[in-house]
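A.B. asks: Right, I'll just put the structure down here and ask away after.
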Amino acid sequence: MTMKHIVNKGNNDTTLLLLHGTGGNEQDMLPLSGLIDNDANVLSVRGNVSEHGMPRFFRRIAEGVFDEEDLVKRTHELNDFITTAAQENDLNREKVVAVGYSNGANIAASLMYHDKDALHAAILFHPMVPLRNIELPDLTGKKVFIGAGVNDPISPRQETEELAQALTEAGAEVEIFWHQSGHSLTQEEVQHAAKWYQSL
């Protein structure tokens with residue numbers, strides 16, 4: 001299983017896994033990688049699902065209602081793809097940090113829900129709870145940054161707080177940065193994410 005992607009080799013051992021939002025592609029998140037870690041390797045991936053011509057990482061039934069069966073399938077596919085891409089490009093599989101926005105943040109969270117070794121850490125911009133009624137693996141030692149808007153109509157506050165609680169209860173160290181905007185990605189939250197990243 002292959003996925004359209006871009007690999008840029010960097011000067012350190014970390015790989016930023018860039019995961020776009022609905023309708024995005026493997027080019028969209030590239031500017032963020034330079035703001036977060038200009039020396040990291042970059043693996044930027046395009047989702048394999050098309051919703052009315054818009055790339056996504058998994059199907060949804062309606063706005064905010066995920067196709068859970070497809071989400072689980074696509075999560076495992078993405079996890080396998082990351083492993084293959086790491087082998088083919090001589091990347092350290094144990095030092096992959098996800099940077100996901102919206103739909104991309106949701107599948108990044110799902111990676112952590114399914115496999116404790118999938119990610120070293122994660123930056124989740126405007127995520128939702130990927131799945132409920134699932135036992136998370138032991139995420140002790142994992143760090144997660146969540147950027148969220150208090151006026152976000154797509155990822156409301158309770159979604160952010162529920163996701164943070166689930167990850168925390170599984171042992172992860174979670175930091176939430178709230179800003180006054182809606183679902184759009186803000187320069188302010190990217191700056192805070194970059195500062196948080198320095199603590200890894």
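Residue numbering restarts at 1 for every chain of the structure tokens, chains are lettered A, B, ... in their displayed order, and ligands are numbered from 1 as they appear.
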Would you pick out the contacts of stretch 139-149 of chain A at 9 Å or less, using only C-alpha atoms, so that residues sharing its chain but fewer than 5 positions from it are not included, and give the list as a PyMOL selection string?
C.D. replies: chain A and resi 112-113+115-117+119-127+155-157+160+164+167-185+189-190+192-193+196-197+200
A.B. asks: Which residues of stretch 53-140 of chain A come within 7 Å of stretch 12-25 of chain A, and for each one, what is the closest pair of atoms and their distance in Å to one decimal, counting only C-alpha atoms, sorted by chain and residue number, as JSON lines?
C.D. replies:
{"residue": "A:Met54", "atom": "CA", "partner": "A:Gly23", "partner_atom": "CA", "distance": 4.1}
{"residue": "A:Pro55", "atom": "CA", "partner": "A:Gly23", "partner_atom": "CA", "distance": 4.9}
{"residue": "A:Arg56", "atom": "CA", "partner": "A:Thr22", "partner_atom": "CA", "distance": 5.1}
{"residue": "A:Asn92", "atom": "CA", "partner": "A:Asp13", "partner_atom": "CA", "distance": 6.3}
{"residue": "A:Lys95", "atom": "CA", "partner": "A:Thr14", "partner_atom": "CA", "distance": 5.0}
{"residue": "A:Val96", "atom": "CA", "partner": "A:Thr15", "partner_atom": "CA", "distance": 4.8}
{"residue": "A:Val97", "atom": "CA", "partner": "A:Leu16", "partner_atom": "CA", "distance": 5.0}
{"residue": "A:Ala98", "atom": "CA", "partner": "A:Leu17", "partner_atom": "CA", "distance": 4.5}
{"residue": "A:Val99", "atom": "CA", "partner": "A:Leu18", "partner_atom": "CA", "distance": 5.0}
{"residue": "A:Gly100", "atom": "CA", "partner": "A:Leu19", "partner_atom": "CA", "distance": 4.5}
{"residue": "A:Tyr101", "atom": "CA", "partner": "A:Gly21", "partner_atom": "CA", "distance": 5.2}
{"residue": "A:Ser102", "atom": "CA", "partner": "A:Gly21", "partner_atom": "CA", "distance": 5.0}
{"residue": "A:Asn103", "atom": "CA", "partner": "A:Gly21", "partner_atom": "CA", "distance": 4.7}
{"residue": "A:Gly104", "atom": "CA", "partner": "A:Leu19", "partner_atom": "CA", "distance": 4.4}
{"residue": "A:Ala105", "atom": "CA", "partner": "A:Leu19", "partner_atom": "CA", "distance": 6.9}
A.B. asks: Closest to A:Phe66 among A:Leu131, A:Ala109, A:Ala194, A:Val49, using only C-alpha atoms?
C.D. replies: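 Under the stated criterion, the closest residue is A:Leu131.
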A.B. asks: How would you write, as a count of residues only, the set of residues in stretch 81-111 of chain A that DSSP gives as alpha helix (DSSP H)?
C.D. replies: 17
A.B. asks: Have a look at atom CA of A:Lys9 and atom CA of A:Ile82 and let me know their distance in Å, one decimal.
C.D. replies: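 These atoms are spaced 14.8 Å apart.
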A.B. asks: With a distance cut-off of 8 Å and only C-alpha atoms, select the neighbouring residues of A:Phe81, excluding the residue or stretch itself and same-chain residues fewer than 2 positions from it, and output the selection as a list in words.
C.D. replies: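 The contact residues come out as Met1, Thr2, Met3, Glu77, Leu78, Asn79, Thr83, Thr84 and Ala85 of chain A.
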A.B. asks: Keeping only C-alpha atoms, write the selected residues to a file as a compact mmCIF listing (two decimals), in the first residue's frame.
C.D. replies:
# COMPACT_ATOMS: atom_id res chain seq x y z
CA MET A 1 0.00 0.00 0.00
CA THR A 2 1.52 3.26 -1.07
CA MET A 3 0.51 6.84 -0.39
CA GLU A 77 -2.44 1.36 6.65
CA LEU A 78 -0.80 4.67 7.56
CA ASN A 79 1.18 3.07 10.38
CA THR A 83 7.35 1.99 8.75
CA THR A 84 8.00 1.24 5.07
CA ALA A 85 8.87 4.86 4.26
A.B. asks: From the options A:Ile134, A:Leu91, A:Leu30, A:Val45, which residue's atoms come nearest to A:Glu68, counting only C-alpha atoms?
C.D. replies: A:Ile134
A.B. asks: Let me make sure I understand: among A:Arg93, A:Lys195, A:His5, A:His114, which one has the smallest atom-to-atom distance to A:Arg74 if we use only C-alpha atoms?
C.D. replies: A:His114
